[in-house]
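**Student:** My structure file target28.txt, compact mmCIF, C-alpha atoms and all ligand atoms, is below:
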# COMPACT_ATOMS: atom_id res chain seq x y z
CA MET A 216 -13.86 -3.36 -12.42
CA VAL A 217 -11.14 -1.78 -10.28
CA ILE A 218 -7.61 -3.20 -10.39
CA THR A 219 -4.96 -2.89 -7.66
CA TYR A 220 -1.28 -2.53 -8.52
CA HIS A 221 1.74 -2.23 -6.22
CA TYR A 222 5.29 -2.68 -7.53
CA ILE A 223 5.69 -2.57 -11.30
CA ARG A 224 9.28 -3.32 -12.24
CA ASN A 225 11.36 -6.07 -13.75
CA ALA A 226 12.24 -7.81 -10.50
CA GLU A 227 11.35 -10.97 -8.71
CA ARG A 228 7.98 -10.82 -6.89
CA ALA A 229 6.91 -7.71 -8.82
CA LEU A 230 4.67 -7.32 -11.86
CA SER A 231 6.96 -6.95 -14.90
CA VAL A 232 6.63 -3.93 -17.15
CA GLU A 233 5.81 -6.18 -20.13
CA ARG A 234 3.07 -7.95 -18.22
CA PHE A 235 1.64 -4.65 -17.06
CA LYS A 236 1.49 -3.42 -20.67
CA ARG A 237 -0.14 -6.66 -21.82
CA GLN A 238 -2.76 -6.32 -19.08
CA LEU A 239 -3.49 -2.78 -20.18
CA ASP A 240 -3.97 -4.02 -23.75
CA CYS A 241 -6.76 -6.26 -22.51
CA ILE A 242 -8.47 -4.33 -19.74
CA SER A 243 -7.80 -0.60 -20.04
CA ASP A 244 -11.04 0.10 -21.89
CA TYR A 245 -13.22 -0.85 -18.96
CA ALA A 246 -11.02 -1.08 -15.83
CA ILE A 247 -10.22 1.58 -13.24
CA LEU A 248 -6.50 1.38 -12.47
CA THR A 249 -5.35 1.99 -8.88
CA PHE A 250 -1.74 2.07 -7.65
CA ASP A 251 -1.04 1.68 -3.94
CA ASP A 252 1.75 2.89 -1.69
CA GLY A 253 3.38 5.70 -3.67
CA PHE A 254 6.32 3.77 -5.13
CA LYS A 255 8.81 5.46 -7.46
CA ASP A 256 7.77 2.83 -10.05
CA HIS A 257 4.50 4.73 -10.37
CA TYR A 258 6.25 7.88 -11.53
CA GLU A 259 9.14 6.37 -13.43
CA THR A 260 7.36 3.45 -15.12
CA VAL A 261 3.58 3.73 -14.86
CA PHE A 262 3.13 7.45 -15.54
CA PRO A 263 4.86 7.42 -18.96
CA ILE A 264 2.91 4.31 -20.02
CA LEU A 265 -0.44 5.84 -18.98
CA LYS A 266 0.44 9.11 -20.74
CA GLU A 267 1.36 7.28 -23.92
CA ARG A 268 -1.99 5.49 -23.89
CA ASN A 269 -4.00 8.46 -22.72
CA LEU A 270 -5.17 6.60 -19.60
CA LYS A 271 -5.89 7.81 -16.09
CA GLY A 272 -4.84 6.16 -12.84
CA ILE A 273 -5.67 6.63 -9.16
CA PHE A 274 -2.61 6.66 -6.88
CA PHE A 275 -2.56 6.09 -3.12
CA PRO A 276 0.73 7.16 -1.53
CA CYS A 277 1.43 7.02 2.23
CA ARG A 278 4.94 8.37 2.37
CA TYR A 279 7.14 10.51 0.18
CA GLU A 280 10.79 10.43 -0.81
CA GLY A 281 12.94 11.34 2.17
CA GLN A 282 10.54 9.93 4.76
CA GLU A 283 11.30 6.72 6.63
CA ILE A 284 10.29 3.54 4.81
CA LEU A 285 7.15 1.97 6.27
CA ASN A 286 7.22 -1.38 8.06
CA VAL A 287 5.10 -3.02 5.38
CA HIS A 288 7.69 -2.08 2.73
CA LYS A 289 10.71 -2.86 4.90
CA ILE A 290 9.32 -6.40 5.04
CA HIS A 291 9.16 -6.51 1.22
CA LEU A 292 12.73 -5.22 0.87
CA LEU A 293 14.00 -7.71 3.43
CA LEU A 294 12.29 -10.56 1.61
CA TRP A 295 13.73 -9.43 -1.72
CA GLU A 296 17.22 -9.17 -0.30
CA PHE A 297 17.34 -12.21 1.96
CA GLY A 298 14.38 -14.35 0.81
CA ASP A 299 12.82 -16.47 3.48
CA LYS A 300 16.18 -16.77 5.23
CA ILE A 301 14.90 -13.97 7.48
CA TYR A 302 12.19 -16.33 8.64
CA GLU A 303 14.57 -17.99 11.04
CA ASP A 304 15.83 -14.66 12.37
CA ILE A 305 12.30 -13.41 12.87
CA GLY A 306 11.10 -16.68 14.32
CA HIS A 307 14.01 -16.57 16.70
CA GLU A 308 13.18 -13.04 17.82
CA ILE A 309 9.47 -13.74 18.15
CA LYS A 310 10.07 -16.86 20.17
CA ARG A 311 12.52 -15.06 22.39
CA ARG A 312 10.12 -12.20 23.01
CA THR A 313 6.77 -13.91 23.25
CA GLY A 314 7.32 -17.61 23.68
CA LEU A 315 4.45 -17.94 21.16
CA TYR A 316 3.72 -19.11 17.58
CA LYS A 317 4.17 -22.41 15.83
CA TYR A 318 5.40 -22.06 12.27
CA ASP A 319 3.97 -23.95 9.35
CA THR A 320 4.32 -24.31 5.60
CA ASP A 321 4.03 -20.96 3.83
CA LYS A 322 6.96 -19.14 5.34
CA ILE A 323 6.58 -15.79 3.67
CA ALA A 324 2.85 -15.58 4.31
CA LYS A 325 3.57 -16.34 7.91
CA ILE A 326 6.20 -13.62 8.15
CA LYS A 327 3.83 -11.04 6.74
CA GLN A 328 0.98 -12.17 8.92
CA LEU A 329 3.11 -12.02 12.02
CA LEU A 330 4.67 -8.67 11.36
CA ASN A 331 1.67 -6.89 9.90
CA TYR A 332 -1.16 -8.28 12.00
CA GLU A 333 -0.26 -10.51 14.88
CA LEU A 334 2.49 -8.75 16.75
CA PRO A 335 1.83 -5.46 18.50
CA PHE A 336 2.99 -2.63 16.25
CA GLU A 337 5.88 -1.56 18.50
CA GLU A 338 7.13 -5.12 18.83
CA ALA A 339 6.99 -5.65 15.06
CA THR A 340 8.77 -2.36 14.41
CA GLU A 341 11.66 -3.29 16.69
CA ILE A 342 12.09 -6.68 15.02
CA ILE A 343 11.89 -5.28 11.50
CA ASP A 344 14.33 -2.49 12.26
CA LYS A 345 16.83 -4.85 13.82
CA LEU A 346 16.93 -6.83 10.53
CA PHE A 347 16.52 -3.80 8.30
CA ASN A 348 19.71 -2.29 9.67
CA LYS A 349 21.56 -4.98 7.70
CA LEU A 350 20.27 -3.45 4.46
CA ASN A 351 21.41 -0.39 2.62
CA PRO A 352 17.86 0.65 1.79
CA PRO A 353 17.07 2.22 -1.58
CA GLU A 354 14.72 5.19 -1.95
CA ILE A 355 11.36 3.69 -2.88
CA TYR A 356 8.78 6.48 -2.69
CA MET A 357 7.80 9.18 -5.16
CA THR A 358 8.71 12.77 -4.38
CA GLN A 359 6.01 15.34 -3.71
CA ASP A 360 7.15 17.15 -6.88
CA GLN A 361 6.59 14.00 -8.94
CA ILE A 362 3.11 13.66 -7.49
CA LYS A 363 2.39 17.29 -8.33
CA GLU A 364 3.57 16.74 -11.92
CA MET A 365 1.35 13.67 -12.31
CA SER A 366 -1.58 15.45 -10.71
CA ASP A 367 -1.17 18.46 -13.01
CA TYR A 368 -1.31 16.00 -15.90
CA GLY A 369 -4.66 14.63 -14.69
CA MET A 370 -3.71 11.65 -12.55
CA ILE A 371 -5.83 11.27 -9.41
CA PHE A 372 -4.42 10.90 -5.90
CA GLY A 373 -6.06 9.54 -2.79
CA GLY A 374 -5.43 8.82 0.89
CA HIS A 375 -3.84 5.61 2.12
CA THR A 376 -2.95 6.71 5.71
CA LYS A 377 0.41 7.99 6.93
CA THR A 378 1.90 4.79 8.32
CA HIS A 379 -0.07 1.95 6.69
CA ARG A 380 -1.28 0.50 9.97
CA VAL A 381 -4.33 -1.70 10.48
CA LEU A 382 -6.98 0.97 11.11
CA SER A 383 -9.35 -1.29 13.04
CA ARG A 384 -6.68 -1.58 15.73
CA LEU A 385 -6.45 2.16 16.32
CA THR A 386 -8.54 4.52 18.44
CA PRO A 387 -10.89 6.88 16.56
CA GLU A 388 -8.48 9.76 17.28
CA GLU A 389 -5.53 7.82 15.90
CA GLN A 390 -7.52 6.83 12.80
CA ARG A 391 -8.47 10.45 12.21
CA GLU A 392 -4.82 11.48 12.42
CA GLU A 393 -3.73 8.64 10.09
CA CYS A 394 -6.34 9.53 7.47
CA ASP A 395 -5.70 13.27 7.46
CA LEU A 396 -5.92 14.53 3.87
CA THR A 397 -4.40 17.97 4.24
CA LEU A 398 -1.18 17.10 2.38
CA ILE A 399 -2.92 15.45 -0.59
CA LYS A 400 -5.15 18.51 -0.89
CA GLN A 401 -2.14 20.81 -0.78
CA ILE A 402 -0.15 18.90 -3.39
CA THR A 403 -2.95 18.13 -5.81
CA ASN A 404 -5.66 20.76 -5.50
CA GLN A 405 -8.18 17.95 -5.95
CA SER A 406 -11.63 18.49 -4.46
CA ASP A 407 -12.64 14.85 -4.96
CA ILE A 408 -10.32 12.63 -2.92
CA PRO A 409 -10.75 8.84 -2.72
CA PHE A 410 -9.35 6.62 0.04
CA CYS A 411 -7.84 3.15 0.01
CA TYR A 412 -7.72 1.04 3.20
CA PRO A 413 -4.25 -0.26 4.12
CA TYR A 414 -4.29 -4.05 3.50
CA GLY A 415 -7.96 -3.55 2.62
CA HIS A 416 -9.49 -6.72 4.04
CA HIS A 417 -12.79 -6.40 5.90
CA HIS A 418 -11.21 -6.89 9.32
CA THR A 419 -8.79 -3.99 8.77
CA TYR A 420 -11.43 -1.26 9.16
CA THR A 421 -14.72 -0.74 10.99
CA LYS A 422 -18.00 1.14 10.60
CA GLU A 423 -16.38 3.87 12.66
CA THR A 424 -13.53 4.12 10.14
CA ILE A 425 -16.07 4.73 7.39
CA ASP A 426 -17.76 7.47 9.45
CA ILE A 427 -14.38 9.13 10.03
CA LEU A 428 -13.53 9.02 6.30
CA LYS A 429 -16.87 10.58 5.43
CA ASP A 430 -16.43 13.22 8.09
CA LEU A 431 -12.92 14.09 6.84
CA GLY A 432 -14.37 14.63 3.37
CA TYR A 433 -13.24 11.62 1.34
CA SER A 434 -15.47 10.86 -1.63
CA ARG A 435 -15.23 7.06 -1.62
CA ALA A 436 -13.03 4.19 -0.41
CA TYR A 437 -11.55 1.05 -1.95
CA THR A 438 -11.10 -2.35 -0.28
CA VAL A 439 -9.60 -5.60 -1.52
CA GLY A 440 -12.96 -7.26 -0.89
CA LYS A 441 -15.15 -8.95 -3.45
CA THR A 442 -18.48 -7.23 -2.85
CA TYR A 443 -19.71 -3.69 -3.30
CA ASN A 444 -21.15 -2.26 -0.10
CA GLY A 445 -21.69 1.36 -1.00
CA GLN A 446 -19.20 4.03 -2.02
CA PHE A 447 -16.99 3.42 1.02
CA GLU A 448 -16.55 -0.28 0.34
CA ILE A 449 -15.71 -0.53 -3.34
CA PRO A 450 -14.10 -3.89 -4.14
CA ARG A 451 -10.94 -4.28 -6.20
CA LEU A 452 -9.21 -7.14 -7.98
CA ASP A 453 -5.51 -7.72 -7.47
CA THR A 454 -3.43 -7.62 -10.64
CA ASN A 455 -2.64 -11.31 -10.09
CA GLU A 456 -6.35 -12.12 -10.34
CA VAL A 457 -6.77 -10.40 -13.69
ZN ZN B 1 -0.96 -0.26 0.76
Would you write out, as C-alpha cells, the structure that this file holds?
Ligand SMILES: [Zn+2]
**Tutor:**
Amino acid sequence: MVITYHYIRNAERALSVERFKRQLDCISDYAILTFDDGFKDHYETVFPILKERNLKGIFFPCRYEGQEILNVHKIHLLLWEFGDKIYEDIGHEIKRRTGLYKYDTDKIAKIKQLLNYELPFEEATEIIDKLFNKLNPPEIYMTQDQIKEMSDYGMIFGGHTKTHRVLSRLTPEEQREECDLTLIKQITNQSDIPFCYPYGHHHTYTKETIDILKDLGYSRAYTVGKTYNGQFEIPRLDTNEV
C-alpha cells in the first residue's frame, strides 16, 4: 500500500499533525509513504517525525524555495485566503474571456477543474496571477539544502515535473523537458529515482509519457489510480482514504 500526502500542518483543508501521527501509528509498518509537491511542511514537520520513528519517505518536489509558486499551489493559497469567494471573480473572468461554462454545486471542485484542466494553460495562468497579486504569498517550498539534508539522512526523492502541468497535453519534447531529472540527481546522488505523475489520474499521462520516463532513466512511477499496471503505473491511496 502506497499513501499520498500533500500539506501536513494545523490549518484548514490540510492534514493535521496529530492526524498524521495517528495514521502512522496504524499504517507505518506496511505502507509506503509518499509526499508530493516539495512543501516546507515536509522538511519542518514530516522529516522530524519520520526520523523519530525511524521511517523512510519518498518525496516528490517540483519547485524549490525562491522559485515562483506553481499555478496548482497558487489556487490552494487563494482558496485558503479567500475561500470560494474567488469563485465569482474567476467565473467572471472565464465568462468574459470565453463566454463558456455553466457553474454548478461544488464550487471549489469546479474552480480546480477549470483552472487545472479545462482552460488552456496560458489563460489559466493569467487568471490565477491576476487574483494572486492580491495575496502576499508565503514561501511554501523546501530549499535545495533541506532536500540534501533529508536525502543524506536516507529519505528518497523523485521527479514530479518542473511546472506540474498535465503531461498528456504536452508534446513529447515538452514532456521530456518537464521530466528532466538532472537536478534531483545532482542534489541527492540517488541512482534509483522514482516519478510521480502530476494530478496522477489516468487521463493525465499517456503510453508515450511512460516511454519517455523509462528512457530518461526513472525506476518506477506512481499514479493516483486504483490498479497496478506495471512499475510505471503504481497506484496510491490518498491520505483521506486511509
Ligand atoms: Zn503534485
**Student:** Tell me which of A:Gln361, A:Thr260, A:Gln401, A:Thr419 sits closest to ligand ZN 1 (chain B), counting only C-alpha atoms and all ligand atoms.
**Tutor:**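 Among the listed residues, the smallest separation from ligand ZN 1 (chain B) belongs to A:Thr419.
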**Student:** What does the structure give for the distance between CA of Pro409 (chain A) and CA of Phe262 (chain A), in Å to one decimal?
**Tutor:** 18.9 Å
**Student:** Which is closest to ligand ZN 1 (chain B) among A:Lys300, A:Arg380, A:Lys441, A:Lys327, if we use all atoms listed in the file?
**Tutor:**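 Looking only at the distances to ligand ZN 1 (chain B), the closest residue turns out to be A:Arg380.
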**Student:** Give the answer as one residue: which of A:Glu338, A:Glu354, A:Glu308, A:Glu233 has the shortest atom-to-atom distance to Gly281 (chain A), using only C-alpha atoms?
**Tutor:**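 Looking only at the distances to Gly281 (chain A), the closest residue turns out to be A:Glu354.
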**Student:** Taking only C-alpha atoms and all ligand atoms into account, report as a list in words which residues have an atom no farther than 9 Å from an atom of ligand ZN 1 (chain B).
**Tutor:**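 Those within range of ligand ZN 1 (chain B) are His221, Phe250, Asp251, Asp252, Gly253, Phe275, Pro276, Cys277, Val287, His375, Thr376, His379, Cys411, Tyr412, Pro413, Tyr414 and Gly415 of chain A.
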